[in-house]
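Colleague: File follows, entry.csv with CSV, C-alpha atoms:
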```csv
chain,number,residue,atom,x,y,z
K,1,MET,CA,171.9,120.0,201.9
K,2,VAL,CA,171.7,116.6,200.2
K,3,ALA,CA,171.9,118.3,196.9
K,4,THR,CA,175.2,119.9,197.8
K,5,LEU,CA,176.6,116.5,198.2
K,6,ALA,CA,176.7,116.0,194.5
K,7,ALA,CA,180.1,117.7,194.7
K,8,GLU,CA,181.5,114.8,196.7
K,9,PRO,CA,183.3,112.0,194.8
K,10,THR,CA,180.7,109.5,193.7
K,11,ARG,CA,180.6,106.3,195.7
K,12,ALA,CA,179.4,102.9,194.9
K,13,PRO,CA,175.7,102.4,195.9
K,14,ARG,CA,175.1,100.7,199.2
K,15,HIS,CA,172.6,97.8,199.7
K,16,GLU,CA,170.8,99.4,202.6
K,17,SER,CA,169.0,102.7,202.9
K,18,ILE,CA,168.9,104.5,206.3
K,19,THR,CA,165.5,106.0,205.5
K,20,ARG,CA,162.4,104.4,206.9
K,21,PRO,CA,159.1,106.1,207.7
K,22,THR,CA,158.0,105.8,211.4
K,23,THR,CA,156.5,108.1,214.0
K,24,PRO,CA,158.5,111.3,214.7
K,25,ALA,CA,159.9,110.1,218.0
K,26,GLY,CA,160.5,106.6,216.6
K,27,GLU,CA,162.0,108.1,213.5
K,28,ARG,CA,164.4,110.1,215.6
K,29,ARG,CA,165.5,107.1,217.6
K,30,HIS,CA,165.7,105.0,214.4
K,31,HIS,CA,168.2,107.4,212.8
K,32,VAL,CA,170.3,107.9,216.0
K,33,LEU,CA,170.5,104.1,216.4
K,34,ALA,CA,171.3,103.6,212.7
K,35,GLY,CA,174.3,106.0,213.3
K,36,ALA,CA,175.4,104.0,216.4
K,37,ARG,CA,175.1,100.8,214.4
K,38,ALA,CA,177.1,102.2,211.6
K,39,MET,CA,179.8,103.1,214.1
K,40,ALA,CA,179.9,99.5,215.5
K,41,PRO,CA,182.5,98.1,213.0
K,42,TRP,CA,184.9,101.0,213.8
K,43,LEU,CA,184.7,100.1,217.5
K,44,VAL,CA,186.4,96.8,216.8
K,45,GLY,CA,189.6,98.7,216.2
K,46,VAL,CA,188.9,101.8,218.3
K,47,VAL,CA,188.3,100.0,221.6
K,48,PRO,CA,191.7,98.1,221.7
K,49,PHE,CA,193.3,101.4,220.7
K,50,GLY,CA,191.6,103.1,223.6
K,51,LEU,CA,192.7,100.3,226.0
K,52,VAL,CA,196.3,100.8,224.9
K,53,ILE,CA,196.0,104.6,225.5
K,54,GLY,CA,194.5,104.0,228.9
K,55,VAL,CA,197.4,101.7,229.8
K,56,SER,CA,199.9,104.2,228.4
K,57,ALA,CA,198.4,107.0,230.4
K,58,ALA,CA,198.5,104.9,233.6
K,59,GLN,CA,202.2,103.9,233.1
K,60,ALA,CA,203.5,107.3,231.9
K,61,ASP,CA,205.2,109.7,234.2
K,62,ILE,CA,202.2,112.0,234.3
K,63,PRO,CA,199.1,112.0,236.6
K,64,THR,CA,196.8,109.2,235.5
K,65,LEU,CA,193.8,111.6,235.6
K,66,ALA,CA,195.7,114.0,233.2
K,67,GLY,CA,196.3,111.1,230.8
K,68,TRP,CA,192.7,110.0,231.1
K,69,LEU,CA,191.6,113.6,230.3
K,70,THR,CA,193.3,113.4,226.9
K,71,GLY,CA,190.2,111.3,225.9
K,72,PRO,CA,187.5,113.9,226.2
K,73,LEU,CA,189.8,116.9,225.6
K,74,ILE,CA,191.9,115.8,222.6
K,75,PHE,CA,189.6,113.0,221.4
K,76,GLY,CA,192.0,111.7,218.8
K,77,GLY,CA,194.0,108.5,219.5
K,78,SER,CA,197.2,109.4,217.5
K,79,ALA,CA,197.4,112.9,219.0
K,80,GLN,CA,196.8,111.5,222.5
K,81,ILE,CA,199.5,108.9,222.1
K,82,ALA,CA,201.9,111.5,220.7
K,83,THR,CA,201.2,113.9,223.6
K,84,ILE,CA,201.4,111.2,226.3
K,85,GLN,CA,204.6,109.7,224.9
K,86,LEU,CA,206.4,113.1,224.6
K,87,LEU,CA,205.3,114.1,228.1
K,88,ASP,CA,206.5,110.7,229.5
K,89,GLY,CA,209.8,111.2,227.6
K,90,GLY,CA,210.4,114.6,229.3
K,91,ALA,CA,209.9,116.6,226.1
K,92,ALA,CA,209.6,120.4,226.5
K,93,PRO,CA,205.9,121.5,226.9
K,94,ALA,CA,206.1,123.5,223.6
K,95,VAL,CA,207.3,120.4,221.7
K,96,ALA,CA,204.5,118.2,223.1
K,97,ILE,CA,201.9,120.8,222.3
K,98,ALA,CA,203.2,121.3,218.8
K,99,ALA,CA,203.3,117.6,218.1
K,100,GLY,CA,199.8,117.0,219.4
K,101,LEU,CA,198.4,119.9,217.4
K,102,ALA,CA,200.3,118.9,214.3
K,103,VAL,CA,198.8,115.4,214.4
K,104,ASN,CA,195.3,116.9,214.8
K,105,LEU,CA,195.7,119.6,212.2
K,106,ARG,CA,193.7,117.5,209.7
K,107,LEU,CA,190.7,118.4,211.8
K,108,VAL,CA,190.6,121.7,210.0
K,109,LEU,CA,190.0,119.8,206.8
K,110,TYR,CA,187.3,117.7,208.5
K,111,SER,CA,185.7,120.9,209.8
K,112,ALA,CA,185.6,122.2,206.2
K,113,THR,CA,184.1,119.0,205.0
K,114,MET,CA,181.2,119.3,207.5
K,115,ALA,CA,180.8,123.1,207.3
K,116,ARG,CA,178.2,123.3,204.5
K,117,ARG,CA,176.3,120.3,205.9
K,118,TRP,CA,175.9,121.9,209.3
K,119,GLN,CA,175.0,125.3,208.1
K,120,GLY,CA,171.7,126.4,209.5
K,121,MET,CA,171.9,124.2,212.6
K,122,PRO,CA,171.9,126.0,216.0
K,123,ARG,CA,175.3,127.1,217.3
K,124,TRP,CA,175.1,124.9,220.4
K,125,TRP,CA,174.5,121.9,218.1
K,126,GLN,CA,177.4,122.8,215.9
K,127,ALA,CA,179.6,123.3,219.0
K,128,VAL,CA,178.7,119.8,220.2
K,129,ALA,CA,179.0,118.1,216.8
K,130,ALA,CA,182.4,119.7,216.2
K,131,ALA,CA,183.7,118.4,219.6
K,132,LEU,CA,182.9,114.9,218.4
K,133,LEU,CA,184.5,115.3,215.0
K,134,ILE,CA,187.3,112.7,214.3
K,135,ASP,CA,188.1,110.1,211.7
K,136,PRO,CA,185.4,107.5,212.5
K,137,SER,CA,182.6,110.1,213.1
K,138,LEU,CA,183.6,111.9,209.9
K,139,ALA,CA,183.4,108.6,207.9
K,140,VAL,CA,180.0,107.6,209.5
K,141,GLY,CA,178.7,111.1,209.2
K,142,VAL,CA,179.7,111.7,205.6
K,143,ASP,CA,178.1,108.3,204.7
K,144,GLY,CA,174.9,109.4,206.4
K,145,TYR,CA,174.8,112.7,204.6
K,146,GLU,CA,175.3,110.9,201.3
K,147,ARG,CA,172.5,108.4,201.9
K,148,ALA,CA,169.9,110.2,204.1
K,149,ALA,CA,166.6,111.5,202.6
K,150,THR,CA,166.8,114.7,204.6
K,151,PRO,CA,169.5,116.7,206.3
K,152,ARG,CA,167.7,116.2,209.7
K,153,GLN,CA,168.0,112.4,209.3
K,154,ALA,CA,171.7,112.8,208.5
K,155,HIS,CA,172.3,115.0,211.6
K,156,LEU,CA,170.7,112.4,213.8
K,157,HIS,CA,172.7,109.7,212.1
K,158,TYR,CA,175.9,111.6,212.7
K,159,MET,CA,175.1,112.3,216.4
K,160,GLY,CA,174.2,108.6,217.0
K,161,GLY,CA,177.5,107.5,215.6
K,162,ALA,CA,179.6,110.2,217.3
K,163,VAL,CA,178.1,109.7,220.7
K,164,ALA,CA,178.5,105.9,220.5
K,165,LEU,CA,182.2,106.5,219.5
K,166,LEU,CA,182.7,108.9,222.5
K,167,ALA,CA,181.1,106.5,224.9
K,168,ALA,CA,183.1,103.5,223.7
K,169,TRP,CA,186.4,105.5,223.6
K,170,MET,CA,186.0,106.8,227.1
K,171,ALA,CA,185.0,103.4,228.5
K,172,ALA,CA,188.0,101.8,226.8
K,173,ILE,CA,190.5,104.4,228.1
K,174,THR,CA,189.0,104.1,231.6
K,175,VAL,CA,189.3,100.3,231.6
K,176,GLY,CA,192.8,100.5,230.3
K,177,ALA,CA,193.9,103.2,232.8
K,178,THR,CA,192.3,101.5,235.8
K,179,LEU,CA,192.7,97.7,235.2
K,180,GLY,CA,195.5,97.5,232.6
K,181,THR,CA,195.1,95.0,229.9
K,182,ALA,CA,197.0,92.5,227.7
K,183,LEU,CA,195.4,92.0,224.3
K,184,PRO,CA,196.3,88.8,222.4
K,185,GLU,CA,198.9,89.8,219.8
K,186,ALA,CA,197.8,87.0,217.5
K,187,LEU,CA,194.5,88.9,216.8
K,188,HIS,CA,196.6,91.7,215.1
K,189,LEU,CA,194.0,94.3,216.3
K,190,GLU,CA,196.5,97.1,215.6
K,191,LEU,CA,195.7,96.6,211.9
K,192,VAL,CA,191.9,96.9,212.3
K,193,ILE,CA,191.9,100.7,211.9
K,194,PRO,CA,194.2,100.8,208.9
K,195,LEU,CA,192.1,98.1,207.2
K,196,PHE,CA,189.0,100.1,208.0
K,197,LEU,CA,190.5,103.3,206.6
K,198,ILE,CA,191.4,101.4,203.4
K,199,GLY,CA,187.7,100.2,203.2
K,200,GLU,CA,186.6,103.9,203.3
K,201,VAL,CA,189.1,105.0,200.7
K,202,VAL,CA,188.7,102.4,197.9
K,203,PRO,CA,185.0,103.1,197.1
K,204,ARG,CA,185.9,106.8,196.7
K,205,LEU,CA,188.5,106.2,194.0
K,206,THR,CA,186.2,107.3,191.2
K,207,SER,CA,187.9,110.3,189.7
K,208,ARG,CA,191.4,111.0,188.3
K,209,ALA,CA,192.0,113.8,190.8
K,210,THR,CA,191.1,111.5,193.8
K,211,ASN,CA,193.2,108.6,192.4
K,212,TRP,CA,196.2,110.9,192.1
K,213,ALA,CA,195.6,112.5,195.5
K,214,VAL,CA,195.4,109.1,197.2
K,215,GLY,CA,198.5,107.8,195.3
K,216,VAL,CA,200.5,110.8,196.4
K,217,ALA,CA,199.1,110.6,200.0
K,218,VAL,CA,200.0,106.9,200.2
K,219,ALA,CA,203.6,107.4,198.9
K,220,LEU,CA,204.2,110.3,201.2
K,221,GLY,CA,202.6,108.4,204.1
K,222,VAL,CA,205.1,105.6,203.6
K,223,ILE,CA,208.1,108.0,203.3
K,224,GLY,CA,206.8,110.2,206.1
K,225,THR,CA,207.1,107.6,208.8
K,226,TRP,CA,210.8,108.7,209.1
K,227,VAL,CA,209.8,112.3,209.7
K,228,PRO,CA,210.0,113.2,213.4
K,229,LEU,CA,207.3,114.4,215.7
K,230,HIS,CA,204.6,112.4,214.0
K,231,LEU,CA,204.5,114.9,211.2
K,232,GLY,CA,204.7,112.4,208.3
K,233,ALA,CA,200.9,111.8,208.1
K,234,LEU,CA,200.3,115.5,208.1
K,235,LEU,CA,202.8,116.0,205.2
K,236,ALA,CA,201.1,113.1,203.3
K,237,ILE,CA,197.7,114.7,203.7
K,238,GLY,CA,199.0,118.1,202.5
K,239,GLY,CA,200.8,116.5,199.5
K,240,GLY,CA,197.7,114.5,198.6
K,241,LEU,CA,195.5,117.6,198.7
K,242,VAL,CA,198.0,119.6,196.5
K,243,ALA,CA,197.9,116.7,194.0
K,244,ALA,CA,194.1,116.7,194.0
K,245,LEU,CA,193.9,120.5,193.5
K,246,VAL,CA,196.5,120.5,190.7
K,247,THR,CA,194.7,117.6,188.9
K,248,ASP,CA,191.3,119.2,189.4
K,249,ARG,CA,192.7,122.4,187.9
K,250,ALA,CA,194.2,120.5,184.9
K,251,GLU,CA,190.9,118.6,184.3
K,252,THR,CA,189.0,121.9,184.4
K,253,ALA,CA,191.4,123.5,181.9
K,254,ASP,CA,191.2,120.4,179.6
K,255,ALA,CA,187.4,120.6,179.8
K,256,ALA,CA,187.4,124.3,179.0
K,257,GLY,CA,189.8,123.7,176.1
K,258,ALA,CA,187.7,120.9,174.7
K,259,GLY,CA,184.6,123.2,174.9
K,260,GLY,CA,186.5,125.9,173.1
K,261,THR,CA,187.5,123.5,170.3
K,262,GLU,CA,183.9,122.3,169.8
K,263,ARG,CA,182.7,125.8,169.4
W,1,MET,CA,201.8,120.9,236.4
W,2,SER,CA,203.2,121.2,232.8
W,3,ALA,CA,201.4,117.9,231.8
W,4,TRP,CA,198.1,119.5,232.7
W,5,ILE,CA,198.9,122.6,230.7
W,6,VAL,CA,200.1,120.6,227.7
W,7,ILE,CA,197.0,118.4,227.6
W,8,VAL,CA,194.6,121.4,228.0
W,9,ALA,CA,196.4,123.3,225.3
W,10,VAL,CA,196.3,120.4,222.9
W,11,GLY,CA,192.7,119.9,223.7
W,12,ALA,CA,191.8,123.5,223.2
W,13,GLY,CA,193.8,123.8,220.0
W,14,SER,CA,192.2,120.6,218.7
W,15,TYR,CA,188.7,122.0,219.4
W,16,LEU,CA,189.6,125.3,217.6
W,17,PHE,CA,190.7,123.2,214.6
W,18,ARG,CA,187.3,121.3,214.7
W,19,ILE,CA,185.2,124.5,214.8
W,20,SER,CA,187.4,126.7,212.7
W,21,MET,CA,185.8,126.2,209.3
W,22,LEU,CA,182.3,126.1,210.7
W,23,VAL,CA,182.9,129.7,212.1
W,24,LEU,CA,184.6,130.8,208.9
W,25,ALA,CA,181.8,129.4,206.7
W,26,SER,CA,179.1,131.1,208.8
W,27,ARG,CA,180.9,134.5,208.7
W,28,VAL,CA,182.5,134.9,205.3
W,29,GLY,CA,181.9,131.6,203.5
W,30,LEU,CA,184.7,129.1,202.7
W,31,PRO,CA,187.4,130.1,200.3
W,32,PRO,CA,186.9,128.1,197.0
W,33,VAL,CA,190.3,126.3,197.5
W,34,ILE,CA,189.2,125.0,200.9
W,35,GLU,CA,185.9,123.9,199.4
W,36,ARG,CA,187.7,122.0,196.6
W,37,ALA,CA,190.2,120.5,199.1
W,38,ALA,CA,187.4,119.4,201.5
W,39,ARG,CA,185.9,117.3,198.7
W,40,HIS,CA,189.0,115.1,198.8
W,41,ALA,CA,189.5,115.2,202.6
W,42,VAL,CA,188.1,111.8,203.4
W,43,PRO,CA,190.0,109.7,200.9
W,44,VAL,CA,193.3,111.7,201.2
W,45,SER,CA,193.4,111.8,204.9
W,46,PHE,CA,192.4,108.2,205.4
W,47,ALA,CA,194.9,107.0,202.8
W,48,ALA,CA,197.7,108.9,204.4
W,49,LEU,CA,196.8,107.6,207.9
W,50,ALA,CA,196.4,104.0,206.7
W,51,ALA,CA,199.7,104.1,204.8
W,52,SER,CA,201.5,105.7,207.7
W,53,ALA,CA,200.1,103.2,210.3
W,54,LEU,CA,200.8,100.2,208.1
W,55,THR,CA,204.4,101.3,207.4
W,56,GLU,CA,205.0,101.8,211.1
W,57,HIS,CA,203.5,98.4,211.8
W,58,LEU,CA,205.6,96.6,209.2
W,59,ALA,CA,208.8,98.3,210.4
W,60,ASP,CA,208.1,97.2,213.9
W,61,ALA,CA,206.8,93.7,213.1
W,62,GLY,CA,209.5,92.7,210.7
W,63,ALA,CA,207.3,90.2,208.8
W,64,ALA,CA,205.8,92.2,206.0
W,65,LEU,CA,204.3,89.5,203.7
W,66,ALA,CA,201.2,88.6,205.6
W,67,PRO,CA,200.0,92.2,206.2
W,68,ALA,CA,200.8,93.2,202.6
W,69,ILE,CA,198.8,90.3,201.2
W,70,ALA,CA,196.0,91.0,203.7
W,71,VAL,CA,195.9,94.7,202.5
W,72,ALA,CA,195.7,93.5,198.9
W,73,VAL,CA,192.9,91.1,199.7
W,74,ALA,CA,191.1,93.9,201.5
W,75,VAL,CA,191.4,96.3,198.5
W,76,VAL,CA,190.1,93.6,196.1
W,77,ALA,CA,187.2,92.7,198.5
W,78,VAL,CA,186.1,96.3,198.7
W,79,ARG,CA,186.4,96.8,194.9
W,80,ARG,CA,184.3,93.7,194.3
W,81,THR,CA,181.6,94.4,196.9
W,82,GLY,CA,181.5,98.2,197.1
W,83,SER,CA,181.2,97.8,200.8
W,84,PRO,CA,183.9,99.4,203.1
W,85,HIS,CA,183.2,96.6,205.7
W,86,ALA,CA,184.6,94.1,203.3
W,87,ALA,CA,188.1,95.3,204.0
W,88,LEU,CA,187.9,94.1,207.6
W,89,ALA,CA,185.8,91.0,206.8
W,90,ALA,CA,188.3,89.8,204.2
W,91,GLY,CA,191.5,91.4,205.3
W,92,LEU,CA,191.6,90.4,209.0
W,93,PRO,CA,190.9,86.7,208.6
W,94,THR,CA,193.5,86.6,205.7
W,95,LEU,CA,196.0,88.2,208.1
W,96,TRP,CA,195.3,85.6,210.9
W,97,VAL,CA,195.6,82.7,208.5
W,98,LEU,CA,198.8,83.9,206.8
W,99,SER,CA,200.4,84.9,210.1
W,100,ALA,CA,199.8,81.4,211.4
W,101,VAL,CA,201.1,79.6,208.3
W,102,LEU,CA,203.9,81.8,207.1
W,103,PRO,CA,207.3,81.8,208.9
W,104,ALA,CA,207.9,84.9,211.0
```
What do you get writing this file as structure tokens?
Modeller:
Amino acid sequence: MVATLAAEPTRAPRHESITRPTTPAGERRHHVLAGARAMAPWLVGVVPFGLVIGVSAAQADIPTLAGWLTGPLIFGGSAQIATIQLLDGGAAPAVAIAAGLAVNLRLVLYSATMARRWQGMPRWWQAVAAALLIDPSLAVGVDGYERAATPRQAHLHYMGGAVALLAAWMAAITVGATLGTALPEALHLELVIPLFLIGEVVPRLTSRATNWAVGVAVALGVIGTWVPLHLGALLAIGGGLVAALVTDRAETADAAGAGGTER
Amino acid sequence: MSAWIVIVAVGAGSYLFRISMLVLASRVGLPPVIERAARHAVPVSFAALAASALTEHLADAGAALAPAIAVAVAVVAVRRTGSPHAALAAGLPTLWVLSAVLPA
């Protein structure tokens, strides 16, 4: 499985390895905890977001328990916010469902990213792992698959990070929904997640196709904020992927042409 | 009642999205175009989400200079160190300082 990762865009080497020989039980715990630790920086941004969603769920004109259930059921902050806001605003159920699903449509792509890595794992494991798949768990998971010595270590790393994320997310939503909260605006915690996403993108800008794709995605992401129903980010992802595929194809054709000329 | 239906429907649909390619890959294999697209999923999705969130924030906040400089500092920090964590370590303090000293 690690060998298949050669197809991923090359990333800058990290300073730390997640591999360390220990006893089997200790090794398992080591990799699970390593995944949880890798998730910790994400939680700085995720927890305030969860608190805000909890407060929104409690204040919206829907049952608080229903709002709280968006956490385990939808498990995606932007889709949860979109759904709660539209329900609170009295939108038709079909519109709220369409908007929530549109925001989460990128999960199909995340599923494709993990599909080869999770092949051969038991179905129950894949079912649980898929339920926890979202931006931070994808980032921590992919990082683990790129650096782990064996697939098994990477699976444990993914689960450690994803379960830590779920626990923190549900705790934050619960606190927000039951106690309410006021976070100091001066901390600008709303920018933690965008900054973290930037941190995950920059090291991956290692090929012409990725550079073009990211450029198009950023441009469309900016323009797309004026698109209704939170569809802008989805259009930006689609546009970026089309740019990547077109550039990939052009590079392949160039390489084939160069090969033909050499002969 | 409709709130419950909407939330369960979005949750069920989201789970189907999450598991869709796992099922497809185990039954018939992933189409090559999906395989190629998936290689770019992380940078493209995260770039789109970051750009979208930052633009919405700038539109709401009105003061664009401090966040824009903080983002530039974050990009340079990650480029120089190769560590994703550098974006937060450099970008957030920059934002705090600039927000405090620059006029709103």
Colleague: Which residues, written as a compact mmCIF listing (two decimals) with C-alpha atoms, keeping the file's coordinate frame, have at least one atom at most 12 Å from W:Ala87, with only C-alpha atoms counted and residues fewer than 4 positions away on the same chain left out?
Modeller:
```txt
# COMPACT_ATOMS: atom_id res chain seq x y z
CA PRO K 41 182.50 98.10 213.00
CA TRP K 42 184.90 101.00 213.80
CA LEU K 191 195.70 96.60 211.90
CA VAL K 192 191.90 96.90 212.30
CA ILE K 193 191.90 100.70 211.90
CA PRO K 194 194.20 100.80 208.90
CA LEU K 195 192.10 98.10 207.20
CA PHE K 196 189.00 100.10 208.00
CA LEU K 197 190.50 103.30 206.60
CA ILE K 198 191.40 101.40 203.40
CA GLY K 199 187.70 100.20 203.20
CA GLU K 200 186.60 103.90 203.30
CA VAL K 201 189.10 105.00 200.70
CA VAL K 202 188.70 102.40 197.90
CA PRO K 203 185.00 103.10 197.10
CA ALA W 70 196.00 91.00 203.70
CA VAL W 71 195.90 94.70 202.50
CA ALA W 72 195.70 93.50 198.90
CA VAL W 73 192.90 91.10 199.70
CA ALA W 74 191.10 93.90 201.50
CA VAL W 75 191.40 96.30 198.50
CA VAL W 76 190.10 93.60 196.10
CA ALA W 77 187.20 92.70 198.50
CA VAL W 78 186.10 96.30 198.70
CA ARG W 79 186.40 96.80 194.90
CA ARG W 80 184.30 93.70 194.30
CA THR W 81 181.60 94.40 196.90
CA GLY W 82 181.50 98.20 197.10
CA SER W 83 181.20 97.80 200.80
CA GLY W 91 191.50 91.40 205.30
CA LEU W 92 191.60 90.40 209.00
CA PRO W 93 190.90 86.70 208.60
CA THR W 94 193.50 86.60 205.70
CA LEU W 95 196.00 88.20 208.10
```
Colleague: Using only C-alpha atoms, pick whichever of W:Leu65, W:Val97, W:Leu58, W:Val44 has the shortest atom-to-atom distance to chain K.
Modeller: W:Val44
Colleague: Could you list, as a count of residues only, every residue within 6 Å of W:Ala48, counting only C-alpha atoms and ignoring same-chain residues fewer than 4 positions away?
Modeller: 7
Colleague: May I ask for the distance between atom CA of K:Ala112 and atom CA of K:Ala168, given in Å to one decimal place?
Modeller: 25.7 Å
Colleague: Tell me the residues of chain W close to chain K, meaning within 6 Å using all atoms listed in the file, as number ranges by chain.
Modeller: W: 6, 10-11, 17-19, 21-22, 38-39, 43-52, 55, 82, 84, 87-88
Colleague: For K:Asp143, which residue among K:Ala164, K:Ala34, K:Ala171, K:Val52 is the nearest when counting only C-alpha atoms?
Modeller: K:Ala34
Colleague: Quote the spacing between atom CA of W:Ala53 and atom CA of W:Trp96 in Å to one decimal place.
Modeller: 18.3 Å
Colleague: So what do you get for atom CA of K:Leu33 versus atom CA of K:Met159, distance-wise?
Modeller: 9.4 Å
